[in-house]
Amino acid sequence: MRRLAVLAPFALAGCSLAPRTQLPPPPVPESWPVGDAYLAQSEAGVPAVTYAEVFRDPRLHKLVETALANNRDIRVAAANLAAARAQVRVTRAAQFPALGVSASASETQTGTGASATTSDLYQVQGGVSSFELDLFGKLANATQAQRDRALSTEAAARTVRLGLVANLASAWASYAADKDLLAIAQETAKNAQESVRLTSARLEGGIAPRTDLSQAQQILATAEGNIALQKTALAQDVNLLRLLSGTEVDPALLPASLAEIDQSFAALPAGLNSDVLLRRPDVIEAEYLLRAANANIGVARAQLFPSISLTGLLGFASNALSDLFASGAFSATAKGAAGWSIFNAGGASANVAVSKAQRDAALATYEKAIQTAFRETADALATQGTLADRLRAAHDNTEAAATTARLSDARYKGGIDSFLTNLVAQRSLYTARQGEVAVRLASVLNRITVYRVLGGDQATQSSAK
């Protein structure tokens with residue numbers, strides 16, 4: 001037992017054969033792209049923000065809070081994280097001795113009849129069963145690998161949360177856009193009905209040909225079809241919001257138009273240094289998977305060396321239950337064993353090679369995650385840089401189309417232009433108004449995208465236990 005006490009510290013302070021994890025420099029430019037498509041970027045780093053600071057409408061806040069509490073993807077991610085943290089404790093338990101206690105009682109009869117004798121035996125044993133000394137860090141590295149995998153799972157859960165918040169905000173904004181498109185279709189249908197009425201009167205008066213009435217009816221039919229289409233789109237928007245929220249959606253939380261919510265989405269500034277991408281949860285997930293792969297190399301290397309285990313038992317044995325714990329009934333046993341595979345056809349060395357190859361793959365995955373993050377952010381910034389021009393052009397186009405439609409209608413009623421000219425002008429106005437809604441929606445969605453690609457909320461990362 002004294003030997004056990006001497007050797008036990010070695011089990012907790014074994015050397016590690018895992019290589020030190022060295023993260024490579026981010027394989028992307030240090031600053032964002034510049035050019036005509038990009039706005040000048042501030043040199044200040046991106047501030048830590050929450051979704052409530054970026055999405056300012058209290059109705060959207062309520063929806064997000066509901067979704068974070070009820071969304072099933074969030075629950076799956078939470079369960080996976082809980083399992084990963086528990087698995088760390090399972091793996092770490094192998095670094096410590098397993099203590100056990102057993103008790104037994106037996107009765108033995110010898111002979112038969114009057115000469116028969118009966119003897120009793122009572123035993124209590126306790127001790128350490130097959131405790132492996134972690135001299136080469138195999139168990140410690142296995143625990144570290146599992147801890148890193150748990151941290152990667154935590155980052156994956158943050159990715160799910162970030163995606164949920166962004167998708168919910170996008171669906172909410174899309175509902176507002178579809179409300180605008182429905183209003184445009186309804187207004188167009190109302191004007192088309194009046195045009196059909198006037199054209200019918202002109203036809204009956206012999207002023208207009210029947211083709212004018214047919215063309216007016218085309219505009220009406222198109223608008224009525226778009227009304228039905230937009231009603232379907234609104235219903236599907238609500239279905240998506242219900243899925244993301246995980247429960248029913250209160251109609252009072254839904255927006256009435258894009259104009260109503262446009263200013264409630266704050267623009268998130270991007271810093272000059274692209275290192276901000278290293279905080280994205282998907283990049284953090286890839287980083288911890290790389291660290292886990294590195295620790296696995298230490299596990300594989302340790303398997304090249306002998307495995308040393310200890311067993312120790314303490315026990316009491318007595319023929320009488322009352323004398324079971326007497327001093328003379330005590331016994332102690334300590335055993336040590338070492339095993340080393342002399343020949344395994346290169347399997348152990350190949351296992352090290354496998355671990356190194358997996359580490360190389362994890363490294364490439366980590367670098368690819370950074371490159372993907374850079375590309376997504378650069379794309380969002382390129383869109384952000386030109387949206388003001390697109391919005392101005394779309395508004396000017398709508399204004400010009402409205403003027404053309406108004407003048408064309410007056411000229412048609414005055415007998416100057418044909419109804420075909422008026423028809424083209426009305427269709428152009430309808431298309432222009434739809435296009436302006438699409439650009440305004442793109443502006444809102446871009447602000448949501450910038451929030452997502454820059455990593456969203458700056459939640460404090462906790463450690464796996």
# chains A, B, ... in the order shown; residues from 1 in each chain; ligands from 1
call {"tool": "residues_around", "arguments": {"residues": "Tyr288 (chain A)", "least_positions_apart": "5", "cutoff": "10 Å", "atoms": "only C-alpha atoms", "output": "list in words"}}
result
Ala145, Arg147, Asp148, Arg149, Ala150, Leu151, Ser152, Thr153, Glu154, Ala155, Val283, Ala293, Asn294, Ala362 and Tyr366 of chain A
call {"tool": "write_last_selection", "arguments": {"atoms": "N, CA and C atoms", "output": "compact mmCIF listing (two decimals), in the first residue's frame"}}
result
# COMPACT_ATOMS: atom_id res chain seq x y z
N ALA A 145 -9.12 16.15 -25.36
CA ALA A 145 -9.79 16.04 -26.66
C ALA A 145 -11.30 16.10 -26.47
N ARG A 147 -12.92 17.44 -23.94
CA ARG A 147 -13.27 18.78 -23.51
C ARG A 147 -13.33 19.74 -24.69
N ASP A 148 -12.36 19.63 -25.60
CA ASP A 148 -12.36 20.49 -26.79
C ASP A 148 -13.57 20.19 -27.68
N ARG A 149 -13.93 18.91 -27.78
CA ARG A 149 -15.13 18.59 -28.56
C ARG A 149 -16.38 19.17 -27.91
N ALA A 150 -16.41 19.18 -26.58
CA ALA A 150 -17.55 19.79 -25.89
C ALA A 150 -17.61 21.28 -26.15
N LEU A 151 -16.45 21.94 -26.16
CA LEU A 151 -16.42 23.37 -26.46
C LEU A 151 -16.83 23.64 -27.90
N SER A 152 -16.47 22.74 -28.81
CA SER A 152 -16.92 22.90 -30.20
C SER A 152 -18.43 22.73 -30.29
N THR A 153 -18.98 21.81 -29.49
CA THR A 153 -20.44 21.63 -29.46
C THR A 153 -21.12 22.87 -28.91
N GLU A 154 -20.49 23.50 -27.91
CA GLU A 154 -21.03 24.75 -27.37
C GLU A 154 -21.06 25.83 -28.44
N ALA A 155 -19.98 25.92 -29.22
CA ALA A 155 -19.94 26.90 -30.31
C ALA A 155 -20.99 26.58 -31.36
N VAL A 283 -16.42 29.48 -36.63
CA VAL A 283 -14.96 29.47 -36.65
C VAL A 283 -14.43 28.93 -35.32
N ALA A 293 -8.36 17.34 -32.30
CA ALA A 293 -7.58 16.47 -33.18
C ALA A 293 -6.11 16.46 -32.76
N ASN A 294 -5.61 17.60 -32.30
CA ASN A 294 -4.23 17.67 -31.84
C ASN A 294 -4.03 16.82 -30.58
N ALA A 362 -8.53 18.78 -39.95
CA ALA A 362 -9.17 19.76 -39.06
C ALA A 362 -8.56 21.15 -39.25
N TYR A 366 -10.58 24.42 -40.41
CA TYR A 366 -10.51 25.67 -39.66
C TYR A 366 -10.20 26.85 -40.59
call {"tool": "select_by_dssp", "arguments": {"residues": "region 102-230 of chain A", "states": "alpha helix (DSSP H)", "output": "PyMOL selection string"}}
result
chain A and resi 138-204+210-230
call {"tool": "closest_residue", "arguments": {"among": "A:Glu187, A:Glu285, A:Glu224, A:Asp178", "to": "Ala156 (chain A)", "atoms": "only C-alpha atoms"}}
result
A:Glu285
call {"tool": "closest_residue", "arguments": {"among": "A:Ala177, A:Ala300, A:Ile219, A:Val196", "to": "Gln434 (chain A)", "atoms": "only C-alpha atoms"}}
result
A:Ala177
call {"tool": "residues_around", "arguments": {"residues": "region 295-299 of chain A", "least_positions_apart": "3", "cutoff": "10 Å", "atoms": "only C-alpha atoms", "output": "MDAnalysis selection string"}}
result
chainID A and resid 15:21 136:146 148 289:292 302:304 351:359
call {"tool": "write_last_selection", "arguments": {"atoms": "N, CA and C atoms", "output": "compact mmCIF listing (two decimals), in the first residue's frame"}}
result
# COMPACT_ATOMS: atom_id res chain seq x y z
N CYS A 15 3.57 12.82 -18.36
CA CYS A 15 3.95 13.73 -19.44
C CYS A 15 2.94 13.62 -20.57
N SER A 16 2.89 14.66 -21.41
CA SER A 16 1.97 14.67 -22.55
C SER A 16 2.75 14.55 -23.84
N LEU A 17 2.30 13.68 -24.72
CA LEU A 17 2.95 13.49 -26.02
C LEU A 17 2.20 14.21 -27.14
N ALA A 18 1.21 15.03 -26.78
CA ALA A 18 0.46 15.77 -27.80
C ALA A 18 1.25 16.98 -28.25
N PRO A 19 1.32 17.26 -29.54
CA PRO A 19 2.01 18.47 -29.99
C PRO A 19 1.25 19.72 -29.54
N ARG A 20 1.94 20.78 -29.37
CA ARG A 20 1.31 22.04 -28.96
C ARG A 20 0.47 22.59 -30.11
N THR A 21 -0.76 22.99 -29.79
CA THR A 21 -1.62 23.54 -30.84
C THR A 21 -1.19 24.95 -31.19
N PHE A 136 2.25 8.64 -19.74
CA PHE A 136 2.53 9.25 -21.04
C PHE A 136 1.39 10.15 -21.52
N GLY A 137 0.47 10.47 -20.63
CA GLY A 137 -0.56 11.45 -20.95
C GLY A 137 -1.69 10.95 -21.82
N LYS A 138 -1.83 9.63 -21.97
CA LYS A 138 -2.90 9.12 -22.83
C LYS A 138 -4.28 9.52 -22.32
N LEU A 139 -4.50 9.30 -21.03
CA LEU A 139 -5.81 9.60 -20.46
C LEU A 139 -6.05 11.11 -20.37
N ALA A 140 -5.00 11.85 -20.01
CA ALA A 140 -5.14 13.31 -19.92
C ALA A 140 -5.46 13.92 -21.29
N ASN A 141 -4.79 13.42 -22.33
CA ASN A 141 -5.05 13.94 -23.67
C ASN A 141 -6.43 13.52 -24.17
N ALA A 142 -6.86 12.32 -23.80
CA ALA A 142 -8.21 11.89 -24.17
C ALA A 142 -9.26 12.81 -23.54
N THR A 143 -9.01 13.17 -22.27
CA THR A 143 -9.92 14.10 -21.59
C THR A 143 -9.90 15.47 -22.25
N GLN A 144 -8.69 15.94 -22.61
CA GLN A 144 -8.58 17.24 -23.26
C GLN A 144 -9.28 17.23 -24.61
N ALA A 145 -9.12 16.15 -25.36
CA ALA A 145 -9.79 16.04 -26.66
C ALA A 145 -11.30 16.10 -26.47
N GLN A 146 -11.81 15.39 -25.47
CA GLN A 146 -13.25 15.39 -25.22
C GLN A 146 -13.73 16.77 -24.76
N ASP A 148 -12.36 19.63 -25.60
CA ASP A 148 -12.36 20.49 -26.79
C ASP A 148 -13.57 20.19 -27.68
N LEU A 289 -12.36 21.85 -32.68
CA LEU A 289 -12.20 20.54 -33.32
C LEU A 289 -10.75 20.31 -33.72
N LEU A 290 -10.07 21.39 -34.13
CA LEU A 290 -8.63 21.29 -34.43
C LEU A 290 -7.85 20.96 -33.16
N ARG A 291 -8.18 21.61 -32.06
CA ARG A 291 -7.49 21.34 -30.79
C ARG A 291 -7.74 19.90 -30.35
N ALA A 292 -8.97 19.41 -30.53
CA ALA A 292 -9.28 18.03 -30.16
C ALA A 292 -8.47 17.05 -31.00
N ALA A 302 0.84 7.94 -27.10
CA ALA A 302 0.97 7.26 -25.81
C ALA A 302 0.71 5.77 -25.92
N GLN A 303 -0.07 5.36 -26.90
CA GLN A 303 -0.36 3.95 -27.07
C GLN A 303 0.84 3.17 -27.62
N LEU A 304 1.89 3.88 -28.03
CA LEU A 304 3.13 3.22 -28.47
C LEU A 304 3.96 2.74 -27.28
N ASN A 351 -1.88 4.26 -36.36
CA ASN A 351 -2.88 5.03 -35.63
C ASN A 351 -2.40 6.46 -35.38
N VAL A 352 -1.09 6.62 -35.13
CA VAL A 352 -0.53 7.96 -35.00
C VAL A 352 -0.65 8.72 -36.33
N ALA A 353 -0.36 8.02 -37.43
CA ALA A 353 -0.47 8.65 -38.75
C ALA A 353 -1.91 9.07 -39.04
N VAL A 354 -2.86 8.21 -38.64
CA VAL A 354 -4.28 8.56 -38.82
C VAL A 354 -4.61 9.83 -38.05
N SER A 355 -4.15 9.92 -36.79
CA SER A 355 -4.43 11.09 -35.96
C SER A 355 -3.82 12.35 -36.57
N LYS A 356 -2.61 12.23 -37.11
CA LYS A 356 -1.98 13.40 -37.75
C LYS A 356 -2.75 13.83 -38.99
N ALA A 357 -3.19 12.86 -39.79
CA ALA A 357 -3.96 13.19 -40.98
C ALA A 357 -5.29 13.86 -40.60
N GLN A 358 -5.92 13.36 -39.53
CA GLN A 358 -7.16 13.97 -39.07
C GLN A 358 -6.91 15.39 -38.56
N ARG A 359 -5.75 15.60 -37.91
CA ARG A 359 -5.39 16.95 -37.47
C ARG A 359 -5.20 17.87 -38.67
call {"tool": "atom_distance", "arguments": {"atom1": "CA of Ala176 (chain A)", "atom2": "CA of Ala192 (chain A)"}}
result
24.3 Å
call {"tool": "atom_distance", "arguments": {"atom1": "CA of Leu241 (chain A)", "atom2": "CA of Gln384 (chain A)"}}
result
25.7 Å
